file data09.tsv (TSV, C-alpha atoms (C1' of nucleotides))
chain	number	residue	atom	x	y	z
L	1	MET	CA	7.25	-6.62	-30.48
L	2	GLN	CA	5.16	-3.61	-31.29
L	3	ARG	CA	1.41	-3.93	-31.04
L	4	THR	CA	1.07	-5.06	-34.62
L	5	ASP	CA	3.02	-8.18	-35.54
L	6	PHE	CA	4.96	-7.32	-38.68
L	7	THR	CA	6.83	-10.61	-38.86
L	8	THR	CA	3.92	-12.46	-40.45
L	9	MET	CA	3.20	-9.90	-43.16
L	10	ASN	CA	3.90	-10.81	-46.77
L	11	CYS	CA	6.52	-8.09	-47.22
L	12	SER	CA	10.23	-8.34	-46.60
L	13	ILE	CA	10.40	-4.79	-45.28
L	14	ALA	CA	7.69	-5.53	-42.73
L	15	ARG	CA	9.32	-8.80	-41.70
L	16	SER	CA	12.71	-7.14	-41.35
L	17	MET	CA	11.18	-4.45	-39.17
L	18	GLY	CA	9.36	-7.09	-37.14
L	19	VAL	CA	12.62	-8.88	-36.40
L	20	ALA	CA	14.97	-5.95	-35.96
L	21	GLY	CA	12.91	-2.79	-36.08
L	22	GLU	CA	11.82	-2.37	-32.50
L	23	PRO	CA	13.14	0.63	-30.60
L	24	TRP	CA	16.80	0.15	-29.62
L	25	THR	CA	17.25	-3.09	-31.58
L	26	PRO	CA	19.37	-1.64	-34.42
L	27	LEU	CA	21.58	0.08	-31.85
L	28	VAL	CA	22.04	-3.18	-29.96
L	29	ILE	CA	23.14	-4.86	-33.19
L	30	ARG	CA	25.52	-1.99	-33.96
L	31	ASP	CA	27.04	-2.19	-30.49
L	32	VAL	CA	27.55	-5.94	-30.69
L	33	TYR	CA	29.15	-5.42	-34.10
L	34	ILE	CA	31.67	-2.90	-32.74
L	35	GLY	CA	32.58	-5.20	-29.87
L	36	ILE	CA	30.24	-4.35	-27.03
L	37	ASN	CA	29.07	-7.85	-26.23
L	38	ARG	CA	28.02	-7.98	-22.59
L	39	PHE	CA	24.80	-7.06	-20.86
L	40	ASP	CA	26.15	-4.42	-18.51
L	41	ASP	CA	28.38	-2.87	-21.17
L	42	LEU	CA	25.44	-2.61	-23.57
L	43	GLN	CA	23.25	-1.11	-20.89
L	44	ARG	CA	25.86	1.47	-19.97
L	45	ASP	CA	26.73	2.38	-23.55
L	46	LEU	CA	23.14	2.77	-24.72
L	47	GLY	CA	21.51	4.09	-21.57
L	48	ILE	CA	18.67	1.68	-22.24
L	49	SER	CA	16.41	0.27	-19.55
L	50	ARG	CA	17.73	-3.09	-18.32
L	51	LYS	CA	14.29	-4.55	-18.73
L	52	VAL	CA	14.00	-3.51	-22.37
L	53	LEU	CA	17.56	-4.62	-23.10
L	54	ALA	CA	16.84	-8.08	-21.71
L	55	GLU	CA	13.71	-8.30	-23.89
L	56	ARG	CA	15.56	-7.16	-27.03
L	57	LEU	CA	18.44	-9.58	-26.50
L	58	ARG	CA	16.06	-12.48	-25.93
L	59	HIS	CA	14.15	-11.57	-29.07
L	60	LEU	CA	17.30	-11.27	-31.18
L	61	VAL	CA	18.62	-14.62	-29.95
L	62	ASP	CA	15.25	-16.27	-30.65
L	63	ALA	CA	15.16	-14.69	-34.12
L	64	GLY	CA	18.67	-15.93	-34.87
L	65	LEU	CA	20.58	-12.65	-35.24
L	66	LEU	CA	22.52	-13.08	-32.01
L	67	GLU	CA	23.91	-16.08	-30.18
L	68	ARG	CA	24.98	-16.48	-26.57
L	69	ARG	CA	28.56	-17.51	-26.09
L	70	PRO	CA	30.23	-18.33	-22.76
L	71	TYR	CA	33.26	-16.17	-22.02
L	72	SER	CA	33.80	-17.42	-18.47
L	73	GLU	CA	33.33	-20.86	-16.89
L	74	ARG	CA	33.58	-19.74	-13.31
L	75	PRO	CA	31.49	-17.78	-12.74
L	76	PRO	CA	29.38	-18.90	-15.71
L	77	ARG	CA	28.89	-15.84	-17.90
L	78	ASP	CA	27.63	-15.41	-21.45
L	79	GLU	CA	28.17	-12.69	-23.98
L	80	TYR	CA	26.35	-11.97	-27.23
L	81	ALA	CA	27.75	-12.31	-30.73
L	82	LEU	CA	26.37	-11.75	-34.21
L	83	THR	CA	25.41	-14.82	-36.20
L	84	GLU	CA	25.77	-14.83	-39.99
L	85	MET	CA	22.17	-13.63	-40.13
L	86	GLY	CA	23.08	-10.79	-37.79
L	87	GLN	CA	26.27	-9.94	-39.68
L	88	GLU	CA	24.29	-9.59	-42.87
L	89	PHE	CA	21.82	-7.28	-41.19
L	90	MET	CA	24.75	-4.90	-40.85
L	91	ASP	CA	24.33	-4.29	-44.62
L	92	VAL	CA	21.01	-2.65	-43.77
L	93	LEU	CA	22.56	-0.61	-40.97
L	94	MET	CA	25.39	0.55	-43.23
L	95	ALA	CA	22.82	1.77	-45.74
L	96	MET	CA	21.16	3.55	-42.84
L	97	VAL	CA	24.47	5.12	-41.83
L	98	ARG	CA	24.96	6.37	-45.37
L	99	TRP	CA	21.51	7.94	-45.42
L	100	GLY	CA	21.82	9.36	-41.91
L	101	ASP	CA	25.24	10.85	-42.71
L	102	ARG	CA	23.86	12.52	-45.84
L	103	TRP	CA	20.62	13.85	-44.44
L	104	THR	CA	20.88	14.18	-40.67
L	105	ALA	CA	24.57	14.75	-39.86
L	106	GLY	CA	24.54	18.51	-40.40
L	107	ASP	CA	27.63	20.66	-40.68
L	108	ALA	CA	29.54	18.82	-38.00
L	109	GLY	CA	29.95	15.80	-40.27
L	110	PRO	CA	29.48	12.11	-39.55
L	111	PRO	CA	30.35	10.71	-36.11
L	112	VAL	CA	32.17	7.66	-37.48
L	113	LEU	CA	34.02	6.81	-40.69
L	114	TYR	CA	34.48	3.51	-42.46
L	115	ARG	CA	37.81	2.51	-43.96
L	116	HIS	CA	37.47	-0.12	-46.66
L	117	HIS	CA	40.00	-2.94	-46.29
L	118	ALA	CA	40.28	-3.59	-50.03
L	119	CYS	CA	41.32	-0.07	-51.04
L	120	GLY	CA	42.22	1.54	-47.73
L	121	LYS	CA	40.06	4.57	-48.36
L	122	ILE	CA	37.37	6.22	-46.29
L	123	ALA	CA	34.18	5.20	-48.04
L	124	HIS	CA	30.48	4.55	-47.80
L	125	VAL	CA	28.26	1.91	-49.34
L	126	GLU	CA	26.66	2.33	-52.74
L	127	PRO	CA	23.91	-0.03	-53.85
L	128	VAL	CA	24.58	-1.76	-57.17
L	129	CYS	CA	22.77	-4.39	-59.20
L	130	SER	CA	23.69	-7.98	-58.33
L	131	GLU	CA	23.55	-8.89	-62.04
L	132	CYS	CA	25.30	-6.08	-63.90
L	133	GLY	CA	27.06	-4.08	-61.18
L	134	GLU	CA	25.58	-0.75	-62.23
L	135	PRO	CA	24.02	1.58	-59.63
L	136	MET	CA	20.66	0.35	-58.40
L	137	HIS	CA	18.47	2.84	-56.61
L	138	SER	CA	14.71	2.79	-56.27
L	139	THR	CA	14.38	4.87	-59.44
L	140	ASP	CA	16.38	2.28	-61.42
L	141	VAL	CA	13.98	-0.62	-60.99
L	142	ASP	CA	10.50	-1.82	-61.79
L	143	VAL	CA	8.65	-3.69	-59.10
L	144	GLN	CA	6.81	-6.84	-60.13
L	145	PRO	CA	5.05	-9.74	-58.38
L	146	GLY	CA	7.30	-12.52	-57.08
L	147	PRO	CA	6.72	-16.24	-56.44
L	148	HIS	CA	4.97	-15.51	-53.17
L	149	ALA	CA	2.91	-12.51	-54.23
L	150	SER	CA	-0.23	-11.77	-52.25
C	1	MET	CA	8.16	9.27	-31.73
C	2	GLN	CA	9.01	6.46	-29.38
C	3	ARG	CA	9.65	7.25	-25.74
C	4	THR	CA	13.33	7.83	-26.28
C	5	ASP	CA	14.22	10.49	-28.85
C	6	PHE	CA	16.75	8.92	-31.16
C	7	THR	CA	16.95	11.88	-33.53
C	8	THR	CA	19.33	13.82	-31.30
C	9	MET	CA	21.80	10.98	-30.71
C	10	ASN	CA	25.26	11.25	-32.21
C	11	CYS	CA	24.81	8.17	-34.40
C	12	SER	CA	23.48	8.04	-37.93
C	13	ILE	CA	21.71	4.74	-37.29
C	14	ALA	CA	19.91	6.20	-34.29
C	15	ARG	CA	18.97	9.35	-36.19
C	16	SER	CA	17.71	7.36	-39.15
C	17	MET	CA	15.58	5.25	-36.86
C	18	GLY	CA	14.34	8.37	-35.12
C	19	VAL	CA	13.16	9.83	-38.41
C	20	ALA	CA	11.87	6.73	-40.16
C	21	GLY	CA	12.02	3.86	-37.69
C	22	GLU	CA	8.73	4.14	-35.89
C	23	PRO	CA	6.23	1.35	-36.35
C	24	TRP	CA	4.57	1.50	-39.80
C	25	THR	CA	6.78	4.32	-41.10
C	26	PRO	CA	8.91	2.19	-43.46
C	27	LEU	CA	5.75	0.62	-44.86
C	28	VAL	CA	4.23	4.05	-45.45
C	29	ILE	CA	7.34	5.07	-47.39
C	30	ARG	CA	7.23	1.83	-49.39
C	31	ASP	CA	3.57	2.38	-50.24
C	32	VAL	CA	4.14	5.96	-51.36
C	33	TYR	CA	7.04	4.71	-53.48
C	34	ILE	CA	4.86	2.14	-55.26
C	35	GLY	CA	2.20	4.73	-55.96
C	36	ILE	CA	-0.18	4.63	-53.02
C	37	ASN	CA	-0.25	8.31	-52.27
C	38	ARG	CA	-3.55	9.13	-50.60
C	39	PHE	CA	-4.67	8.92	-47.01
C	40	ASP	CA	-7.55	6.53	-47.45
C	41	ASP	CA	-5.63	4.32	-49.88
C	42	LEU	CA	-2.74	4.06	-47.45
C	43	GLN	CA	-5.06	3.29	-44.58
C	44	ARG	CA	-6.84	0.57	-46.55
C	45	ASP	CA	-3.66	-0.99	-47.92
C	46	LEU	CA	-1.83	-1.11	-44.60
C	47	GLY	CA	-4.72	-1.72	-42.22
C	48	ILE	CA	-3.16	0.91	-39.97
C	49	SER	CA	-5.12	2.99	-37.48
C	50	ARG	CA	-6.17	6.31	-39.05
C	51	LYS	CA	-4.84	8.11	-36.01
C	52	VAL	CA	-1.40	6.56	-36.26
C	53	LEU	CA	-1.30	7.08	-40.03
C	54	ALA	CA	-2.05	10.78	-39.60
C	55	GLU	CA	0.75	11.05	-37.01
C	56	ARG	CA	3.25	9.23	-39.24
C	57	LEU	CA	2.44	11.32	-42.30
C	58	ARG	CA	2.75	14.55	-40.33
C	59	HIS	CA	6.08	13.42	-38.92
C	60	LEU	CA	7.42	12.39	-42.34
C	61	VAL	CA	6.38	15.70	-43.89
C	62	ASP	CA	7.98	17.63	-41.01
C	63	ALA	CA	11.15	15.56	-41.34
C	64	GLY	CA	11.29	16.21	-45.07
C	65	LEU	CA	10.85	12.71	-46.50
C	66	LEU	CA	7.36	13.39	-47.83
C	67	GLU	CA	5.67	16.43	-49.29
C	68	ARG	CA	2.00	17.24	-49.71
C	69	ARG	CA	0.91	17.87	-53.25
C	70	PRO	CA	-2.55	18.97	-54.37
C	71	TYR	CA	-4.16	16.58	-56.86
C	72	SER	CA	-7.55	18.26	-56.92
C	73	GLU	CA	-8.61	21.90	-56.69
C	74	ARG	CA	-12.28	21.28	-56.15
C	75	PRO	CA	-12.62	19.71	-53.70
C	76	PRO	CA	-9.18	20.68	-52.36
C	77	ARG	CA	-7.31	17.42	-51.78
C	78	ASP	CA	-3.66	16.63	-51.14
C	79	GLU	CA	-1.64	13.51	-51.71
C	80	TYR	CA	1.79	12.55	-50.45
C	81	ALA	CA	4.95	12.17	-52.54
C	82	LEU	CA	8.53	11.26	-51.76
C	83	THR	CA	11.05	14.08	-51.69
C	84	GLU	CA	14.64	13.47	-52.75
C	85	MET	CA	15.39	12.71	-49.10
C	86	GLY	CA	12.58	10.17	-49.10
C	87	GLN	CA	13.63	8.66	-52.43
C	88	GLU	CA	17.10	8.07	-51.05
C	89	PHE	CA	15.69	6.38	-47.98
C	90	MET	CA	14.46	3.73	-50.39
C	91	ASP	CA	18.11	2.59	-50.59
C	92	VAL	CA	17.77	1.54	-46.96
C	93	LEU	CA	14.48	-0.21	-47.62
C	94	MET	CA	15.93	-2.06	-50.62
C	95	ALA	CA	18.74	-3.33	-48.41
C	96	MET	CA	16.04	-4.40	-45.96
C	97	VAL	CA	14.18	-6.19	-48.75
C	98	ARG	CA	17.35	-8.04	-49.70
C	99	TRP	CA	17.93	-9.16	-46.12
C	100	GLY	CA	14.29	-10.04	-45.54
C	101	ASP	CA	14.15	-12.04	-48.77
C	102	ARG	CA	17.26	-14.01	-47.78
C	103	TRP	CA	16.42	-14.68	-44.15
C	104	THR	CA	12.67	-14.46	-43.66
C	105	ALA	CA	11.04	-15.35	-46.98
C	106	GLY	CA	11.08	-19.12	-46.49
C	107	ASP	CA	10.43	-21.66	-49.20
C	108	ALA	CA	7.67	-19.67	-50.84
C	109	GLY	CA	10.19	-17.13	-52.12
C	110	PRO	CA	10.05	-13.34	-52.10
C	111	PRO	CA	6.71	-11.55	-52.53
C	112	VAL	CA	8.04	-9.01	-55.02
C	113	LEU	CA	10.88	-8.89	-57.55
C	114	TYR	CA	12.93	-5.98	-58.84
C	115	ARG	CA	13.82	-5.65	-62.50
C	116	HIS	CA	16.83	-3.45	-63.08
C	117	HIS	CA	16.30	-0.96	-65.90
C	118	ALA	CA	19.95	-0.91	-67.00
C	119	CYS	CA	20.27	-4.65	-67.63
C	120	GLY	CA	16.67	-5.84	-67.64
C	121	LYS	CA	17.36	-8.64	-65.20
C	122	ILE	CA	15.69	-9.60	-61.92
C	123	ALA	CA	18.19	-8.46	-59.35
C	124	HIS	CA	18.80	-7.34	-55.78
C	125	VAL	CA	21.10	-4.70	-54.34
C	126	GLU	CA	24.67	-5.43	-53.35
C	127	PRO	CA	26.62	-2.94	-51.25
C	128	VAL	CA	29.90	-1.84	-52.80
C	129	CYS	CA	32.59	0.65	-51.84
C	130	SER	CA	32.01	4.18	-53.11
C	131	GLU	CA	35.75	4.52	-53.81
C	132	CYS	CA	36.82	1.27	-55.43
C	133	GLY	CA	33.58	-0.50	-56.31
C	134	GLU	CA	34.50	-3.74	-54.55
C	135	PRO	CA	31.98	-5.43	-52.20
C	136	MET	CA	31.66	-3.59	-48.91
C	137	HIS	CA	30.06	-5.49	-46.05
C	138	SER	CA	30.52	-4.92	-42.34
C	139	THR	CA	33.41	-7.40	-42.30
C	140	ASP	CA	35.21	-5.43	-45.02
C	141	VAL	CA	35.67	-2.22	-43.06
C	142	ASP	CA	37.34	-0.73	-40.01
C	143	VAL	CA	35.34	1.76	-38.01
C	144	GLN	CA	37.11	4.93	-36.90
C	145	PRO	CA	36.12	8.26	-35.32
C	146	GLY	CA	34.78	10.90	-37.70
C	147	PRO	CA	34.73	14.72	-37.59
C	148	HIS	CA	31.85	14.74	-35.16
C	149	ALA	CA	32.92	11.88	-32.91
C	150	SER	CA	31.56	11.85	-29.38
B	1	DA	C1'	-32.40	17.46	-48.43
B	2	DG	C1'	-29.92	13.63	-47.90
B	3	DC	C1'	-26.05	10.48	-49.07
B	4	DT	C1'	-21.15	9.76	-50.28
B	5	DT	C1'	-16.11	10.60	-50.39
B	6	DC	C1'	-11.91	12.21	-48.49
B	7	DG	C1'	-8.92	13.40	-44.92
B	8	DG	C1'	-8.55	13.63	-40.99
B	9	DT	C1'	-9.64	14.29	-35.19
B	10	DT	C1'	-11.43	12.65	-30.69
B	11	DC	C1'	-12.22	9.34	-27.27
B	12	DC	C1'	-11.17	5.44	-24.62
B	13	DC	C1'	-8.65	1.20	-23.49
B	14	DT	C1'	-4.67	-1.65	-23.34
B	15	DC	C1'	-0.09	-2.78	-23.32
B	16	DA	C1'	4.89	-1.58	-23.91
B	17	DA	C1'	8.77	1.76	-22.48
B	18	DG	C1'	11.25	3.78	-18.69
B	19	DG	C1'	13.17	3.74	-14.29
B	20	DA	C1'	14.33	2.17	-9.82
B	21	DA	C1'	14.70	-1.42	-6.74
B	22	DC	C1'	15.45	-6.14	-5.97
B	23	DT	C1'	17.44	-10.94	-6.76
B	24	DA	C1'	20.68	-14.69	-7.52
B	25	DA	C1'	25.05	-16.88	-8.36
B	26	DG	C1'	29.42	-16.68	-7.81
B	27	DG	C1'	34.14	-14.24	-6.47
B	28	DT	C1'	37.21	-11.54	-3.29
B	29	DA	C1'	39.14	-9.71	1.00
B	30	DA	C1'	39.67	-9.61	6.22
A	1	DT	C1'	32.21	-16.72	7.93
A	2	DT	C1'	30.85	-12.26	7.32
A	3	DA	C1'	30.76	-8.57	4.35
A	4	DC	C1'	31.06	-6.54	-0.04
A	5	DC	C1'	31.57	-6.67	-5.29
A	6	DT	C1'	30.41	-8.06	-10.13
A	7	DT	C1'	27.40	-9.68	-13.66
A	8	DA	C1'	23.07	-10.59	-15.53
A	9	DG	C1'	19.20	-10.28	-15.21
A	10	DT	C1'	13.75	-9.85	-12.95
A	11	DT	C1'	9.98	-7.33	-10.61
A	12	DC	C1'	7.07	-3.53	-9.80
A	13	DC	C1'	5.03	0.76	-10.80
A	14	DT	C1'	3.96	4.83	-13.67
A	15	DT	C1'	3.36	6.96	-17.99
A	16	DG	C1'	2.31	7.42	-22.61
A	17	DA	C1'	1.93	5.49	-27.38
A	18	DG	C1'	-0.74	2.12	-30.38
A	19	DG	C1'	-5.31	0.33	-31.79
A	20	DG	C1'	-10.01	0.78	-32.84
A	21	DA	C1'	-14.33	2.90	-33.34
A	22	DA	C1'	-16.90	6.86	-33.69
A	23	DC	C1'	-17.24	11.41	-35.03
A	24	DC	C1'	-16.46	15.72	-37.94
A	25	DG	C1'	-16.24	19.16	-41.80
A	26	DA	C1'	-15.84	20.46	-46.48
A	27	DA	C1'	-17.15	19.51	-50.88
A	28	DG	C1'	-19.66	16.87	-54.58
A	29	DC	C1'	-23.59	14.00	-56.33
A	30	DT	C1'	-28.57	12.80	-57.02
call {"tool": "encode", "arguments": {"input": "data09.tsv", "output": "C-alpha cells"}}
result
Amino acid sequence: MQRTDFTTMNCSIARSMGVAGEPWTPLVIRDVYIGINRFDDLQRDLGISRKVLAERLRHLVDAGLLERRPYSERPPRDEYALTEMGQEFMDVLMAMVRWGDRWTAGDAGPPVLYRHHACGKIAHVEPVCSECGEPMHSTDVDVQPGPHAS
Amino acid sequence: MQRTDFTTMNCSIARSMGVAGEPWTPLVIRDVYIGINRFDDLQRDLGISRKVLAERLRHLVDAGLLERRPYSERPPRDEYALTEMGQEFMDVLMAMVRWGDRWTAGDAGPPVLYRHHACGKIAHVEPVCSECGEPMHSTDVDVQPGPHAS
DNA sequence: AGCTTCGGTTCCCTCAAGGAACTAAGGTAA
DNA sequence: TTACCTTAGTTCCTTGAGGGAACCGAAGCT
C-alpha cells in the first residue's frame, strides 16, 4: 500500500491502482501469468527484494487476484496462481503492453509478441465497444454519472 | 520515480508503469482527460500534496503524455493537456475502469458510465484482436519472443 | 497599500523500498 | 547423526519518497 489508500476511493481507476498498482505488482502478475509461480523463481526473475515480494504476494492473495496452491506434500510447498479476478486483470496489462510497445519500445521493437489462437496471427489488443463492436477509445465516449456517483 | 527505475526494463508493462504508474499519476491523467487542467483544480479535486502533484506533472510533461498550454497572457498562466501519447494511455485506464467496475465496485455499481458515440449506448471496452477482431484475452494468446527479446 | 489568485517551492517528519543476513522446515548424502 | 541443500519466507537497518503545512513570487483587484 502506498501512503494514500486508493482502494476506498469512489473511482475504479483508483481502486484498481490500490489493488494492483503498487511498485512491482503488475510485474508479479505478468510473471505468474507466464508460468513463474514460485517465490524464489519470482525473486530471481524480477530482482525484487524478498521482503517486498512477500508483501506483494500477501496483498494479492488477500485481494483475490492470486491463490496459493500446494505443489508438493513433502516438503509442504505452495505456489501462486492467478484466480479469475487475476486472469481478467491481464486485460489491463495487455492494454499496457500495447501502449508500451507503441510509445516506449523504440527502434528495437517489442520484447515479446502475442499470437492469437483464433487466427494464428501476431496481434495486439484493440479496445472496442461491448455493445456495437466498433472501436472505443477515450475520444469516442461521453462520461456521465453512474449509479454510485459521488 | 519509485526506488527502482522501471523505465529502462525490457518489458512494456514495466516501462508503462515507469512512465505512468507512480502513485496518483493515473488519476492525474484521468482528471486532465475529463477537463480538470489546472494546478489548483487538480490539487483540490484529488486532495494530493502540492509537492507530489508538481513532481507528477513535471514527470508527465517530460515523458510526453502532457503538454503545457497557456490559457492566459496576463497574468501568464499555463494549463495541462493530454498529448496524443497521453490520449492513447486512456485506453489503459479504460481497461482499468472495466476491471475495477467488475471486481471492486460492489453492489452500489460503477461511479461513472461511458456512452459510446457511435451507437449511443452505455458500454465498456472489450479487448479484441487487431488482426481478426475476435475477443483477445490473456487466455487467447501464446507469448513468444519479439525482435527485442532479452 | 493591502488582499487575493495561481502555480508552484521549501521544510520537516514518517513510513515504505532495498538489501543483506538470518530463520525454519524439511530433504539428501556420508 | 552430522553436515549441507532447497524453499519460503522474516528481521534489521539505511535511505529516500510521500504527506502536510508554510512560504514565495508574479500579477490582478479594490
call {"tool": "atom_distance", "arguments": {"input": "data09.tsv", "atom1": "CA of Cys132 in chain C", "atom2": "CA of Tyr114 in chain L"}}
result
13.4 Å
call {"tool": "atom_distance", "arguments": {"input": "data09.tsv", "atom1": "CA of Thr4 in chain C", "atom2": "CA of Ile48 in chain C"}}
result
22.5 Å
call {"tool": "interface_residues", "arguments": {"input": "data09.tsv", "of": "chain L", "to": "chain A", "cutoff": "12 Å", "atoms": "all atoms listed in the file", "output": "number ranges by chain"}}
result
L: 1-4, 38-43, 49-55, 57-58, 72, 74-79
call {"tool": "interface_residues", "arguments": {"input": "data09.tsv", "of": "chain C", "to": "chain L", "cutoff": "7 Å", "atoms": "all atoms listed in the file", "output": "PDB file with C-alpha atoms, keeping the file's coordinate frame"}}
result
ATOM      1  CA  ASN C  10      25.260  11.250 -32.210  1.00  0.00           C
ATOM      2  CA  CYS C  11      24.810   8.170 -34.400  1.00  0.00           C
ATOM      3  CA  SER C  12      23.480   8.040 -37.930  1.00  0.00           C
ATOM      4  CA  ILE C  13      21.710   4.740 -37.290  1.00  0.00           C
ATOM      5  CA  ALA C  14      19.910   6.200 -34.290  1.00  0.00           C
ATOM      6  CA  ARG C  15      18.970   9.350 -36.190  1.00  0.00           C
ATOM      7  CA  SER C  16      17.710   7.360 -39.150  1.00  0.00           C
ATOM      8  CA  GLY C  21      12.020   3.860 -37.690  1.00  0.00           C
ATOM      9  CA  LEU C  27       5.750   0.620 -44.860  1.00  0.00           C
ATOM     10  CA  PHE C  89      15.690   6.380 -47.980  1.00  0.00           C
ATOM     11  CA  MET C  90      14.460   3.730 -50.390  1.00  0.00           C
ATOM     12  CA  ASP C  91      18.110   2.590 -50.590  1.00  0.00           C
ATOM     13  CA  VAL C  92      17.770   1.540 -46.960  1.00  0.00           C
ATOM     14  CA  LEU C  93      14.480  -0.210 -47.620  1.00  0.00           C
ATOM     15  CA  ALA C  95      18.740  -3.330 -48.410  1.00  0.00           C
ATOM     16  CA  MET C  96      16.040  -4.400 -45.960  1.00  0.00           C
ATOM     17  CA  VAL C  97      14.180  -6.190 -48.750  1.00  0.00           C
ATOM     18  CA  TRP C  99      17.930  -9.160 -46.120  1.00  0.00           C
ATOM     19  CA  GLY C 100      14.290 -10.040 -45.540  1.00  0.00           C
ATOM     20  CA  ASP C 101      14.150 -12.040 -48.770  1.00  0.00           C
ATOM     21  CA  THR C 104      12.670 -14.460 -43.660  1.00  0.00           C
ATOM     22  CA  ALA C 108       7.670 -19.670 -50.840  1.00  0.00           C
ATOM     23  CA  GLY C 109      10.190 -17.130 -52.120  1.00  0.00           C
ATOM     24  CA  PRO C 110      10.050 -13.340 -52.100  1.00  0.00           C
ATOM     25  CA  PRO C 111       6.710 -11.550 -52.530  1.00  0.00           C
ATOM     26  CA  VAL C 112       8.040  -9.010 -55.020  1.00  0.00           C
ATOM     27  CA  LEU C 113      10.880  -8.890 -57.550  1.00  0.00           C
ATOM     28  CA  TYR C 114      12.930  -5.980 -58.840  1.00  0.00           C
ATOM     29  CA  ARG C 115      13.820  -5.650 -62.500  1.00  0.00           C
ATOM     30  CA  HIS C 116      16.830  -3.450 -63.080  1.00  0.00           C
ATOM     31  CA  HIS C 117      16.300  -0.960 -65.900  1.00  0.00           C
ATOM     32  CA  CYS C 119      20.270  -4.650 -67.630  1.00  0.00           C
ATOM     33  CA  LYS C 121      17.360  -8.640 -65.200  1.00  0.00           C
ATOM     34  CA  ALA C 123      18.190  -8.460 -59.350  1.00  0.00           C
ATOM     35  CA  HIS C 124      18.800  -7.340 -55.780  1.00  0.00           C
ATOM     36  CA  VAL C 125      21.100  -4.700 -54.340  1.00  0.00           C
ATOM     37  CA  GLU C 126      24.670  -5.430 -53.350  1.00  0.00           C
ATOM     38  CA  PRO C 127      26.620  -2.940 -51.250  1.00  0.00           C
ATOM     39  CA  VAL C 128      29.900  -1.840 -52.800  1.00  0.00           C
ATOM     40  CA  CYS C 129      32.590   0.650 -51.840  1.00  0.00           C
ATOM     41  CA  SER C 130      32.010   4.180 -53.110  1.00  0.00           C
ATOM     42  CA  GLU C 131      35.750   4.520 -53.810  1.00  0.00           C
ATOM     43  CA  CYS C 132      36.820   1.270 -55.430  1.00  0.00           C
ATOM     44  CA  MET C 136      31.660  -3.590 -48.910  1.00  0.00           C
ATOM     45  CA  HIS C 137      30.060  -5.490 -46.050  1.00  0.00           C
ATOM     46  CA  SER C 138      30.520  -4.920 -42.340  1.00  0.00           C
ATOM     47  CA  ASP C 140      35.210  -5.430 -45.020  1.00  0.00           C
ATOM     48  CA  VAL C 141      35.670  -2.220 -43.060  1.00  0.00           C
ATOM     49  CA  ASP C 142      37.340  -0.730 -40.010  1.00  0.00           C
ATOM     50  CA  VAL C 143      35.340   1.760 -38.010  1.00  0.00           C
ATOM     51  CA  GLN C 144      37.110   4.930 -36.900  1.00  0.00           C
ATOM     52  CA  PRO C 145      36.120   8.260 -35.320  1.00  0.00           C
ATOM     53  CA  GLY C 146      34.780  10.900 -37.700  1.00  0.00           C
ATOM     54  CA  PRO C 147      34.730  14.720 -37.590  1.00  0.00           C
ATOM     55  CA  HIS C 148      31.850  14.740 -35.160  1.00  0.00           C
ATOM     56  CA  ALA C 149      32.920  11.880 -32.910  1.00  0.00           C
ATOM     57  CA  SER C 150      31.560  11.850 -29.380  1.00  0.00           C
TER      58      SER C 150
END
call {"tool": "atom_distance", "arguments": {"input": "data09.tsv", "atom1": "CA of Thr25 in chain C", "atom2": "C1' of DT4 in chain B"}}
result
29.9 Å
call {"tool": "interface_residues", "arguments": {"input": "data09.tsv", "of": "chain B", "to": "chain L", "cutoff": "12 Å", "atoms": "only C-alpha atoms (C1' of nucleotides)", "output": "VMD selection string"}}
result
chain B and resid 14 to 20 25 to 27
call {"tool": "residues_around", "arguments": {"input": "data09.tsv", "residues": "Tyr80 in chain L", "least_positions_apart": "6", "cutoff": "7 Å", "atoms": "all atoms listed in the file", "output": "list in words"}}
result
Asn37, Arg38, Leu66, Glu67, Arg68 and Arg69 of chain L
call {"tool": "build_atoms", "arguments": {"input": "data09.tsv", "residues": "range 34-43 of chain L", "atoms": "N, CA and C atoms", "output": "PDB file, in the frame of the given file"}}
result
ATOM      1  N   ILE L  34      30.421  -3.614 -33.038  1.00  0.00           N
ATOM      2  CA  ILE L  34      31.670  -2.900 -32.740  1.00  0.00           C
ATOM      3  C   ILE L  34      32.358  -3.430 -31.489  1.00  0.00           C
ATOM      4  N   GLY L  35      31.839  -4.535 -30.923  1.00  0.00           N
ATOM      5  CA  GLY L  35      32.580  -5.200 -29.870  1.00  0.00           C
ATOM      6  C   GLY L  35      32.062  -4.981 -28.458  1.00  0.00           C
ATOM      7  N   ILE L  36      30.855  -4.461 -28.341  1.00  0.00           N
ATOM      8  CA  ILE L  36      30.240  -4.350 -27.030  1.00  0.00           C
ATOM      9  C   ILE L  36      29.283  -5.528 -26.893  1.00  0.00           C
ATOM     10  N   ASN L  37      29.730  -6.533 -26.161  1.00  0.00           N
ATOM     11  CA  ASN L  37      29.070  -7.850 -26.230  1.00  0.00           C
ATOM     12  C   ASN L  37      28.371  -8.277 -24.950  1.00  0.00           C
ATOM     13  N   ARG L  38      28.533  -7.513 -23.882  1.00  0.00           N
ATOM     14  CA  ARG L  38      28.020  -7.980 -22.590  1.00  0.00           C
ATOM     15  C   ARG L  38      26.895  -7.097 -22.085  1.00  0.00           C
ATOM     16  N   PHE L  39      26.021  -7.715 -21.316  1.00  0.00           N
ATOM     17  CA  PHE L  39      24.800  -7.060 -20.860  1.00  0.00           C
ATOM     18  C   PHE L  39      25.072  -5.697 -20.225  1.00  0.00           C
ATOM     19  N   ASP L  40      25.912  -5.677 -19.215  1.00  0.00           N
ATOM     20  CA  ASP L  40      26.150  -4.420 -18.510  1.00  0.00           C
ATOM     21  C   ASP L  40      26.814  -3.374 -19.403  1.00  0.00           C
ATOM     22  N   ASP L  41      27.718  -3.818 -20.271  1.00  0.00           N
ATOM     23  CA  ASP L  41      28.380  -2.870 -21.170  1.00  0.00           C
ATOM     24  C   ASP L  41      27.368  -2.262 -22.153  1.00  0.00           C
ATOM     25  N   LEU L  42      26.474  -3.112 -22.675  1.00  0.00           N
ATOM     26  CA  LEU L  42      25.440  -2.610 -23.570  1.00  0.00           C
ATOM     27  C   LEU L  42      24.538  -1.624 -22.859  1.00  0.00           C
ATOM     28  N   GLN L  43      24.149  -1.980 -21.645  1.00  0.00           N
ATOM     29  CA  GLN L  43      23.250  -1.110 -20.890  1.00  0.00           C
ATOM     30  C   GLN L  43      23.898   0.246 -20.639  1.00  0.00           C
TER      31      GLN L  43
END
